[in-house]
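Student: For reference, this is query-v2.txt, and it has compact mmCIF, C-alpha atoms.
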# COMPACT_ATOMS: atom_id res chain seq x y z
CA MET X 10 -40.34 0.43 -6.13
CA GLN X 11 -37.47 0.54 -3.65
CA HIS X 12 -33.91 0.79 -4.88
CA ARG X 13 -32.03 -2.24 -3.57
CA ILE X 14 -28.58 -1.50 -2.15
CA ILE X 15 -26.46 -4.36 -0.82
CA VAL X 16 -23.26 -3.76 1.13
CA LEU X 17 -20.95 -6.76 1.33
CA GLY X 18 -18.77 -6.84 4.45
CA ALA X 19 -19.14 -4.95 7.72
CA GLY X 20 -15.61 -3.98 8.57
CA TYR X 21 -14.76 -0.33 9.05
CA THR X 22 -15.58 0.57 5.44
CA GLY X 23 -18.71 -1.49 4.89
CA ALA X 24 -20.29 -0.51 8.20
CA VAL X 25 -19.50 3.17 7.66
CA ALA X 26 -20.88 3.09 4.11
CA ALA X 27 -24.12 1.41 5.20
CA GLY X 28 -24.66 3.90 8.02
CA ARG X 29 -23.88 6.87 5.82
CA LEU X 30 -26.27 5.68 3.10
CA ALA X 31 -28.99 5.24 5.71
CA ARG X 32 -28.48 8.86 6.71
CA ARG X 33 -28.42 10.19 3.16
CA LEU X 34 -31.39 8.38 1.60
CA HIS X 35 -35.09 8.33 2.44
CA ARG X 36 -36.03 5.05 4.07
CA GLU X 37 -39.13 4.55 1.93
CA ASP X 38 -37.08 4.72 -1.27
CA VAL X 39 -34.30 2.22 -0.56
CA ALA X 40 -33.91 -1.31 0.76
CA LEU X 41 -30.47 -1.28 2.40
CA THR X 42 -28.97 -4.65 3.30
CA LEU X 43 -25.63 -5.21 5.03
CA VAL X 44 -24.23 -8.74 4.61
CA ASN X 45 -21.67 -9.99 7.11
CA ALA X 46 -20.64 -13.38 8.45
CA GLU X 47 -20.24 -12.24 12.07
CA PRO X 48 -22.83 -10.55 14.30
CA ASP X 49 -20.31 -8.22 15.97
CA PHE X 50 -18.05 -5.48 14.67
CA VAL X 51 -14.34 -6.39 14.76
CA GLU X 52 -11.85 -3.65 15.65
CA ARG X 53 -9.22 -4.92 13.27
CA VAL X 54 -6.67 -2.29 14.28
CA ARG X 55 -6.65 -3.82 17.77
CA MET X 56 -6.00 -7.45 16.87
CA HIS X 57 -2.47 -7.28 18.32
CA GLN X 58 -4.04 -6.25 21.63
CA LEU X 59 -6.51 -9.12 21.51
CA ALA X 60 -3.66 -11.53 20.78
CA VAL X 61 -1.80 -10.69 24.00
CA GLY X 62 -4.82 -11.18 26.23
CA GLN X 63 -6.55 -7.81 26.29
CA ASP X 64 -10.35 -7.97 26.09
CA LEU X 65 -12.20 -5.82 23.58
CA ARG X 66 -15.70 -4.49 24.12
CA PRO X 67 -18.36 -6.41 22.15
CA ARG X 68 -20.13 -4.25 19.57
CA PRO X 69 -23.17 -6.11 18.17
CA PHE X 70 -24.38 -4.89 14.80
CA GLY X 71 -27.95 -5.39 15.93
CA GLU X 72 -27.48 -2.59 18.45
CA MET X 73 -25.36 -0.39 16.21
CA PHE X 74 -27.88 -0.31 13.36
CA ALA X 75 -31.09 -0.42 15.42
CA GLY X 76 -33.56 2.11 14.04
CA THR X 77 -31.42 3.08 11.04
CA GLY X 78 -33.27 1.10 8.38
CA VAL X 79 -30.19 -1.02 7.68
CA VAL X 80 -31.13 -4.73 7.53
CA LEU X 81 -28.33 -7.00 8.74
CA LYS X 82 -28.00 -10.30 6.88
CA LEU X 83 -25.81 -12.74 8.79
CA ALA X 84 -24.33 -14.86 6.04
CA GLU X 85 -21.13 -15.66 4.20
CA VAL X 86 -20.77 -14.34 0.67
CA THR X 87 -20.00 -17.25 -1.66
CA GLY X 88 -20.28 -15.55 -5.04
CA VAL X 89 -21.19 -12.40 -6.96
CA ASP X 90 -22.65 -12.25 -10.46
CA VAL X 91 -22.22 -8.65 -11.54
CA ASP X 92 -23.89 -9.26 -14.90
CA ARG X 93 -27.08 -10.66 -13.35
CA ARG X 94 -26.77 -8.33 -10.32
CA THR X 95 -27.00 -11.10 -7.77
CA VAL X 96 -25.07 -12.13 -4.67
CA ALA X 97 -24.92 -15.75 -3.47
CA VAL X 98 -24.78 -16.21 0.30
CA THR X 99 -24.87 -19.04 2.82
CA GLY X 100 -26.33 -18.49 6.27
CA ALA X 101 -28.71 -19.92 8.84
CA ASP X 102 -31.40 -20.14 6.17
CA GLY X 103 -29.15 -22.10 3.82
CA ASP X 104 -28.10 -20.95 0.38
CA GLU X 105 -29.76 -17.80 -0.95
CA GLU X 106 -29.46 -15.44 -3.88
CA LEU X 107 -29.91 -11.74 -3.24
CA GLU X 108 -30.70 -9.26 -6.01
CA TYR X 109 -29.37 -5.72 -6.04
CA ASP X 110 -29.56 -2.50 -8.00
CA THR X 111 -26.41 -1.05 -6.45
CA LEU X 112 -23.67 -3.12 -4.85
CA VAL X 113 -21.05 -1.85 -2.40
CA TYR X 114 -18.21 -4.38 -2.28
CA ALA X 115 -16.35 -4.11 1.02
CA LEU X 116 -15.15 -7.66 1.64
CA GLY X 117 -11.70 -6.34 2.45
CA SER X 118 -8.59 -8.44 2.85
CA GLY X 119 -7.14 -11.24 4.91
CA TRP X 120 -3.92 -13.01 5.65
CA ASN X 121 -1.32 -13.24 2.90
CA HIS X 122 1.12 -16.10 3.45
CA GLN X 123 2.72 -15.34 0.07
CA ASP X 124 3.25 -19.05 -0.64
CA VAL X 125 6.35 -19.11 1.58
CA PRO X 126 7.01 -22.73 2.62
CA GLY X 127 5.71 -23.58 6.07
CA VAL X 128 3.82 -20.37 6.72
CA ALA X 129 0.33 -21.83 6.33
CA GLU X 130 1.24 -24.81 8.51
CA HIS X 131 3.27 -23.20 11.27
CA ALA X 132 2.75 -19.42 11.43
CA HIS X 133 0.06 -17.37 13.19
CA GLU X 134 -1.77 -14.36 11.76
CA ILE X 135 -3.64 -11.42 13.23
CA ALA X 136 -5.51 -10.22 10.14
CA GLY X 137 -8.80 -11.06 11.84
CA ARG X 138 -10.35 -12.12 15.12
CA PRO X 139 -10.10 -15.93 14.67
CA GLY X 140 -6.37 -15.72 14.00
CA ALA X 141 -5.79 -13.31 16.87
CA LEU X 142 -7.65 -15.60 19.26
CA ARG X 143 -5.60 -18.60 18.17
CA LEU X 144 -2.40 -16.64 18.76
CA ARG X 145 -3.75 -15.49 22.13
CA GLU X 146 -4.27 -19.07 23.20
CA ARG X 147 -0.80 -20.11 21.99
CA LEU X 148 0.97 -17.23 23.73
CA ALA X 149 -0.88 -17.93 26.97
CA ARG X 150 0.58 -21.46 26.97
CA LEU X 151 4.09 -20.35 26.06
CA GLU X 152 6.70 -20.81 28.78
CA ALA X 153 9.04 -18.03 29.88
CA GLY X 154 12.21 -17.64 27.86
CA ARG X 155 10.75 -19.07 24.65
CA PRO X 156 11.43 -17.27 21.35
CA VAL X 157 8.75 -15.45 19.34
CA VAL X 158 9.49 -14.14 15.84
CA VAL X 159 7.29 -11.53 14.16
CA VAL X 160 7.85 -11.51 10.40
CA GLY X 161 7.17 -8.22 8.60
CA GLY X 162 8.42 -4.70 9.23
CA GLY X 163 5.25 -2.82 8.32
CA LEU X 164 2.83 -1.18 10.73
CA THR X 165 1.20 -4.46 11.75
CA GLY X 166 4.55 -6.10 12.43
CA LEU X 167 5.83 -3.17 14.50
CA GLU X 168 2.67 -3.09 16.59
CA ALA X 169 2.59 -6.86 17.09
CA ALA X 170 6.26 -7.14 18.13
CA THR X 171 6.09 -4.30 20.65
CA GLU X 172 2.73 -5.39 22.05
CA ILE X 173 3.96 -8.94 22.65
CA ALA X 174 7.26 -7.75 24.12
CA GLU X 175 5.54 -5.37 26.52
CA ALA X 176 2.83 -7.81 27.59
CA ARG X 177 5.23 -10.73 27.92
CA PRO X 178 8.67 -9.41 28.94
CA ASP X 179 9.60 -12.98 29.87
CA LEU X 180 9.66 -13.99 26.18
CA ASP X 181 12.50 -13.56 23.68
CA VAL X 182 10.84 -11.46 20.95
CA ALA X 183 12.43 -10.77 17.56
CA LEU X 184 11.32 -8.98 14.39
CA ALA X 185 12.43 -9.97 10.89
CA ALA X 186 12.13 -7.18 8.30
CA ARG X 187 12.89 -7.29 4.59
CA ASP X 188 14.06 -3.66 4.70
CA GLY X 189 15.56 -1.48 7.42
CA LEU X 190 13.59 -0.99 10.62
CA GLY X 191 11.10 1.81 9.91
CA ASP X 192 13.15 3.02 6.97
CA TRP X 193 10.15 4.89 5.52
CA LEU X 194 9.92 7.06 8.64
CA SER X 195 11.55 10.43 9.32
CA PRO X 196 14.91 10.43 11.16
CA LYS X 197 13.10 11.33 14.38
CA GLY X 198 10.61 8.52 13.85
CA ARG X 199 13.35 5.95 13.18
CA ARG X 200 15.31 7.00 16.26
CA HIS X 201 12.27 6.66 18.48
CA LEU X 202 11.35 3.30 16.99
CA ARG X 203 14.82 1.90 17.66
CA LYS X 204 14.76 3.32 21.18
CA VAL X 205 11.47 1.60 21.97
CA PHE X 206 12.58 -1.71 20.44
CA ALA X 207 15.80 -1.61 22.44
CA GLY X 208 13.94 -0.75 25.65
CA LEU X 209 11.59 -3.68 25.17
CA GLY X 210 14.45 -6.02 24.30
CA VAL X 211 13.20 -6.82 20.81
CA THR X 212 15.92 -8.25 18.53
CA VAL X 213 15.77 -6.95 14.95
CA HIS X 214 16.87 -8.90 11.88
CA GLU X 215 16.95 -6.26 9.15
CA HIS X 216 17.39 -6.36 5.39
CA THR X 217 16.51 -10.00 5.13
CA ALA X 218 13.53 -12.02 3.99
CA VAL X 219 12.16 -15.12 5.68
CA THR X 220 12.22 -17.92 3.13
CA ALA X 221 10.74 -20.74 5.22
CA VAL X 222 8.92 -21.30 8.50
CA GLY X 223 9.25 -24.46 10.56
CA ALA X 224 7.63 -25.65 13.75
CA ASP X 225 10.52 -24.30 15.83
CA ARG X 226 12.46 -21.90 13.59
CA VAL X 227 12.43 -19.52 10.65
CA THR X 228 14.97 -19.54 7.83
CA LEU X 229 16.37 -16.27 6.52
CA ALA X 230 17.39 -15.52 2.95
CA ASP X 231 21.09 -15.73 3.82
CA GLY X 232 20.64 -19.27 5.13
CA ARG X 233 20.66 -18.47 8.83
CA THR X 234 18.00 -19.96 11.07
CA VAL X 235 16.36 -18.17 13.99
CA PRO X 236 14.70 -20.18 16.77
CA SER X 237 10.95 -19.55 16.98
CA ALA X 238 8.44 -21.32 19.20
CA VAL X 239 5.76 -18.99 17.82
CA THR X 240 5.98 -17.23 14.46
CA VAL X 241 3.62 -14.33 13.67
CA TRP X 242 3.35 -13.58 9.94
CA THR X 243 2.48 -9.95 9.12
CA THR X 244 3.97 -9.35 5.68
CA GLY X 245 0.88 -7.88 4.08
CA PHE X 246 -2.72 -8.60 3.15
CA ALA X 247 -4.44 -10.43 0.31
CA VAL X 248 -7.84 -9.26 -0.92
CA HIS X 249 -10.88 -11.49 -0.76
CA PRO X 250 -10.84 -13.80 -3.82
CA ILE X 251 -14.48 -13.40 -4.90
CA ALA X 252 -13.97 -10.29 -7.06
CA ARG X 253 -11.37 -12.08 -9.19
CA ALA X 254 -13.98 -14.70 -10.09
CA THR X 255 -16.34 -12.08 -11.54
CA THR X 256 -16.27 -10.08 -14.77
CA LEU X 257 -15.29 -6.94 -12.88
CA GLU X 258 -12.09 -5.26 -14.00
CA VAL X 259 -9.54 -6.13 -11.32
CA THR X 260 -5.79 -5.85 -10.88
CA ASP X 261 -3.46 -8.84 -10.91
CA THR X 262 -3.87 -8.99 -7.12
CA GLY X 263 -7.67 -9.03 -7.32
CA ARG X 264 -8.44 -5.44 -6.31
CA ILE X 265 -11.38 -3.84 -8.10
CA VAL X 266 -10.38 -0.91 -10.32
CA VAL X 267 -12.48 2.16 -9.46
CA ASP X 268 -12.76 5.80 -10.42
CA GLY X 269 -12.59 8.81 -8.12
CA THR X 270 -16.06 8.11 -6.70
CA MET X 271 -15.12 4.50 -5.90
CA ARG X 272 -17.28 3.26 -8.77
CA SER X 273 -16.15 0.24 -10.76
CA VAL X 274 -14.73 1.29 -14.13
CA SER X 275 -16.31 -1.77 -15.77
CA HIS X 276 -19.66 -2.09 -13.94
CA PRO X 277 -21.12 1.29 -12.90
CA ASP X 278 -23.67 -0.27 -10.54
CA VAL X 279 -20.82 -1.65 -8.38
CA TYR X 280 -18.75 0.37 -5.90
CA ALA X 281 -15.67 -0.99 -4.17
CA ILE X 282 -14.20 0.48 -1.00
CA GLY X 283 -11.37 -0.15 1.42
CA ASP X 284 -8.79 -2.85 0.78
CA ALA X 285 -10.94 -4.36 -2.00
CA ALA X 286 -10.52 -1.30 -4.24
CA LEU X 287 -7.67 0.05 -6.29
CA ALA X 288 -8.16 3.81 -6.03
CA MET X 289 -5.68 6.46 -7.02
CA GLY X 290 -4.59 9.11 -4.56
CA PRO X 291 -2.42 12.23 -4.80
CA GLY X 292 0.49 11.95 -7.18
CA ASP X 293 -1.46 9.31 -9.12
CA LYS X 294 -0.30 6.72 -6.58
CA PRO X 295 -2.53 3.81 -5.54
CA LEU X 296 -3.92 4.16 -2.03
CA ARG X 297 -2.45 1.56 0.30
CA MET X 298 -4.55 -0.94 2.21
CA SER X 299 -5.26 0.85 5.47
CA CYS X 300 -7.97 2.26 7.68
CA ALA X 301 -6.58 5.70 6.84
CA SER X 302 -7.70 5.38 3.22
CA GLY X 303 -10.52 2.87 3.73
CA THR X 304 -12.87 5.03 5.77
CA PRO X 305 -12.64 8.08 3.48
CA SER X 306 -13.29 5.76 0.52
CA ALA X 307 -16.49 4.61 2.26
CA TRP X 308 -17.60 8.23 2.69
CA GLN X 309 -16.81 8.90 -0.96
CA ALA X 310 -18.77 5.91 -2.26
CA ALA X 311 -21.81 6.50 -0.04
CA ASP X 312 -22.00 10.17 -0.99
CA ALA X 313 -21.58 9.35 -4.69
CA ILE X 314 -24.33 6.74 -4.61
CA ALA X 315 -26.67 9.13 -2.80
CA ALA X 316 -25.85 11.93 -5.23
CA ARG X 317 -26.50 9.81 -8.30
CA LEU X 318 -29.77 8.49 -6.93
CA THR X 319 -31.09 11.85 -5.75
CA GLY X 320 -29.75 14.10 -8.48
CA GLY X 321 -27.32 15.79 -6.13
CA LYS X 322 -23.76 16.97 -6.63
CA LEU X 323 -21.08 14.32 -6.84
CA PRO X 324 -18.39 14.46 -4.13
CA ASN X 325 -14.95 15.58 -5.23
CA ALA X 326 -13.02 15.47 -1.97
CA PRO X 327 -9.50 14.15 -2.58
CA LEU X 328 -8.48 10.93 -0.85
CA ARG X 329 -5.24 11.79 0.89
CA TYR X 330 -3.09 11.00 3.93
CA TYR X 331 -2.18 13.09 6.98
CA ASN X 332 -0.24 10.79 9.29
CA GLN X 333 0.65 7.22 10.15
CA CYS X 334 -0.39 6.19 13.67
CA ILE X 335 1.63 3.40 15.27
CA SER X 336 1.09 1.96 18.73
CA LEU X 337 4.25 0.58 20.32
CA GLY X 338 2.70 -1.20 23.27
CA ARG X 339 0.31 0.56 25.64
CA ARG X 340 2.73 3.23 26.85
CA GLU X 341 4.56 4.27 23.70
CA GLY X 342 3.49 5.44 20.28
CA LEU X 343 4.66 7.09 17.09
CA ILE X 344 2.68 9.51 14.95
CA GLN X 345 4.54 10.09 11.70
CA TYR X 346 3.20 13.07 9.77
CA VAL X 347 3.17 12.57 6.01
CA THR X 348 2.51 14.37 2.75
CA ALA X 349 -0.78 13.92 0.92
CA ASP X 350 0.75 11.01 -1.00
CA ASP X 351 2.01 9.31 2.19
CA ARG X 352 5.69 10.32 2.27
CA ALA X 353 7.17 11.04 5.67
CA VAL X 354 8.02 14.62 6.61
CA ARG X 355 10.37 15.70 9.40
CA ALA X 356 7.64 16.17 12.00
CA ALA X 357 6.73 13.24 14.25
CA LEU X 358 5.02 12.86 17.60
CA THR X 359 6.51 10.27 19.97
CA GLY X 360 6.20 8.79 23.43
CA ARG X 361 3.21 8.74 25.75
CA VAL X 362 1.45 11.60 23.97
CA ALA X 363 1.66 9.67 20.70
CA ALA X 364 0.23 6.58 22.41
CA LEU X 365 -2.74 8.64 23.63
CA TYR X 366 -3.16 10.14 20.15
CA LYS X 367 -3.29 6.66 18.60
CA GLU X 368 -5.81 5.52 21.19
CA LEU X 369 -8.04 8.50 20.38
CA VAL X 370 -7.81 7.65 16.67
CA CYS X 371 -8.86 4.05 17.35
CA LYS X 372 -11.74 5.15 19.58
CA GLY X 373 -12.82 7.73 17.02
CA ALA X 374 -12.85 5.14 14.25
CA VAL X 375 -15.02 2.71 16.17
CA TRP X 376 -17.29 5.54 17.38
CA GLY X 377 -17.92 6.43 13.75
CA VAL X 378 -18.95 2.84 13.05
CA ALA X 379 -20.99 2.40 16.23
CA ASN X 380 -22.85 5.68 15.63
CA PRO X 381 -23.35 5.54 11.87
CA THR X 382 -26.10 8.14 11.67
CA LEU X 383 -24.83 10.74 14.12
CA GLY X 384 -22.89 13.87 13.29
CA MET X 385 -24.38 14.33 9.82
CA PRO X 386 -27.20 16.46 8.40
CA ALA X 387 -30.52 14.88 9.34
CA ARG X 388 -32.19 15.39 5.97
CA ARG X 389 -32.74 12.24 3.95
CA ARG X 390 -33.15 12.89 0.25
CA ARG X 391 -35.69 11.21 -2.01
CA VAL X 392 -34.54 8.93 -4.79
CA VAL X 393 -35.30 10.48 -8.17
CA ARG X 394 -33.35 8.14 -10.45
CA GLN X 395 -34.48 4.54 -10.73
CA PRO X 396 -32.61 2.38 -13.24
CA ALA X 397 -34.37 -0.47 -14.95
CA ARG X 398 -33.98 -3.74 -13.06
CA THR X 399 -32.20 -5.41 -15.97
CA GLY X 400 -30.97 -2.41 -17.90
CA ALA X 401 -28.75 0.61 -17.33
CA ALA X 402 -26.77 1.22 -14.18
CA VAL X 403 -27.52 3.79 -11.52
CA GLY X 404 -27.81 7.27 -12.97
CA THR X 405 -25.37 8.20 -15.69
CA PRO X 406 -21.60 7.87 -15.62
CA ALA X 407 -19.85 10.88 -14.14
Let's see the structure in the file written out as structure tokens.

Tutor:
Amino acid sequence: MQHRIIVLGAGYTGAVAAGRLARRLHREDVALTLVNAEPDFVERVRMHQLAVGQDLRPRPFGEMFAGTGVVLKLAEVTGVDVDRRTVAVTGADGDEELEYDTLVYALGSGWNHQDVPGVAEHAHEIAGRPGALRLRERLARLEAGRPVVVVGGGLTGLEAATEIAEARPDLDVALAARDGLGDWLSPKGRRHLRKVFAGLGVTVHEHTAVTAVGADRVTLADGRTVPSAVTVWTTGFAVHPIARATTLEVTDTGRIVVDGTMRSVSHPDVYAIGDAALAMGPGDKPLRMSCASGTPSAWQAADAIAARLTGGKLPNAPLRYYNQCISLGRREGLIQYVTADDRAVRAALTGRVAALYKELVCKGAVWGVANPTLGMPARRRRVVRQPARTGAAVGTPA
């Protein structure tokens, strides 16, 4: 009897996990299903590029997983019952219920408007392809001299503001940040960031929150208003709401609590990876939502599942950080080197070399997804542990 593994979501983490499992496990022993609503892989780290009119290469999952044994199910996940081990989906065949023995939850995160008045009605987001395409259309229609305000001083906000300013120098671009501009960076990183912003003509409103968004302005916490024909909201991400509706142990924000192998602490037949999971990194600090921690978490989960099913050794590689890669338009970049727990050190790479570095990172990430079974040992191991369909979870807790 085949062991049924279902992976929910085919972003960076879900696609990587599915490909890695296909490489680790013998095809006759497992039925590996990847559920995703879209037929193509979305390079989420390039949504700011898509928004300003750059075209991204299509990457159909049908081609990426051809010959791997991974079955792609094009459907939207509408519910998960972790006690019955079922997933409810809606697709071309209507409503279906899929049964699993092991579930990999990789539904990720989306836009977080944080209940700020007017954001849902008037702001744009680039958390996914539909939002980026809507912003692309709006920017293309925007007349010269019109104001654009990017709200949020994190990595997404920095990349969006500089990308728009470089692609459309005829617009009046501003960034509103709750804290100081790049205040988590090293002194060298902050200096370079300010230099690039000044060179691109981006106005910075620091140390202030946006408390409301209107059709033609944003309101700051001190009562000032800033004109805005287009507002881009990038203040963080919210996880997919489905996990919160289950009996899984989740945080108050809906992230699934996992152990060091990315296994749910409440349901050992469920693994959560990427933005959907609350995993602890060095210094007992939660890993932030990012590709930098998401992809290693996918490796960790896939290797742990394979080990438990085949009687192998559990992975114990620490999930840690090395750098933060920031594109500042197509010609400038910033690579901030960090400690294992994500604190900036003095060293930073800047300028054109940093832009090329970031581009290589992006290409490497998508190559790993598009070639899920390359670059790994060819041997697929046989499954030796088969849990009862309605009984104990995979293997034994470890």

Student: Between X:Leu17, X:Leu190, X:Leu323, X:Ala285, which residue has the minimum interatomic distance to Phe246 (chain X), considering all atoms listed in the file?

Tutor: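 The shortest atom-to-atom distance to Phe246 (chain X) comes from X:Ala285.
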
Student: Choose the residue, out of X:Gly119, X:Gly103, X:Gly269, X:Gly223, that has the smallest atom-to-atom separation from Asn325 (chain X); count all atoms listed in the file.

Tutor: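 Closest residue, counting all atoms listed in the file: X:Gly269.
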
Student: Which is closer to Thr255 (chain X) than all the others in X:Gly88, X:Gly20, X:Pro139, X:Pro196, using all atoms listed in the file?

Tutor: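 Among the listed residues, X:Gly88 lies closest to Thr255 (chain X).
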
Student: Using all atoms listed in the file, can you tell me which of X:Gly360, X:Gly162, X:Pro295, X:Gly137 comes closest to Tyr330 (chain X)?

Tutor: X:Pro295

Student: Restricting the calculation to all atoms listed in the file: of X:Ser299, X:Thr262, X:Asn121, X:Thr111, which residue gets closest to His12 (chain X)?

Tutor: X:Thr111

Student: Work out how far CA of Lys82 (chain X) is from CA of Ala101 (chain X), in Å to one decimal.

Tutor: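 So the answer is 9.8 Å.
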
Student: Skipping near chain neighbours, those fewer than 4 positions away, what residues fall within 8 Å of Leu142 (chain X) using all atoms listed in the file, listed as a list in words?

Tutor: Leu59, Ala60, Arg138 and Glu146 of chain X

Student: Neighbours of Gly127 (chain X) within 8 Å (all atoms listed in the file; same-chain residues fewer than 3 positions away dropped), as a PDB file with C-alpha atoms, in the frame of the given file?

Tutor:
ATOM      1  CA  GLU X 130       1.240 -24.810   8.510  1.00  0.00           C
ATOM      2  CA  HIS X 131       3.270 -23.200  11.270  1.00  0.00           C
ATOM      3  CA  ALA X 132       2.750 -19.420  11.430  1.00  0.00           C
ATOM      4  CA  ALA X 221      10.740 -20.740   5.220  1.00  0.00           C
ATOM      5  CA  VAL X 222       8.920 -21.300   8.500  1.00  0.00           C
ATOM      6  CA  GLY X 223       9.250 -24.460  10.560  1.00  0.00           C
TER       7      GLY X 223
END

Student: From the set X:Arg55, X:Leu257, X:Ile282, X:Asp38, which residue has the shortest atom-to-atom contact distance to Glu172 (chain X), counting all atoms listed in the file?

Tutor: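 Closest candidate: X:Arg55.
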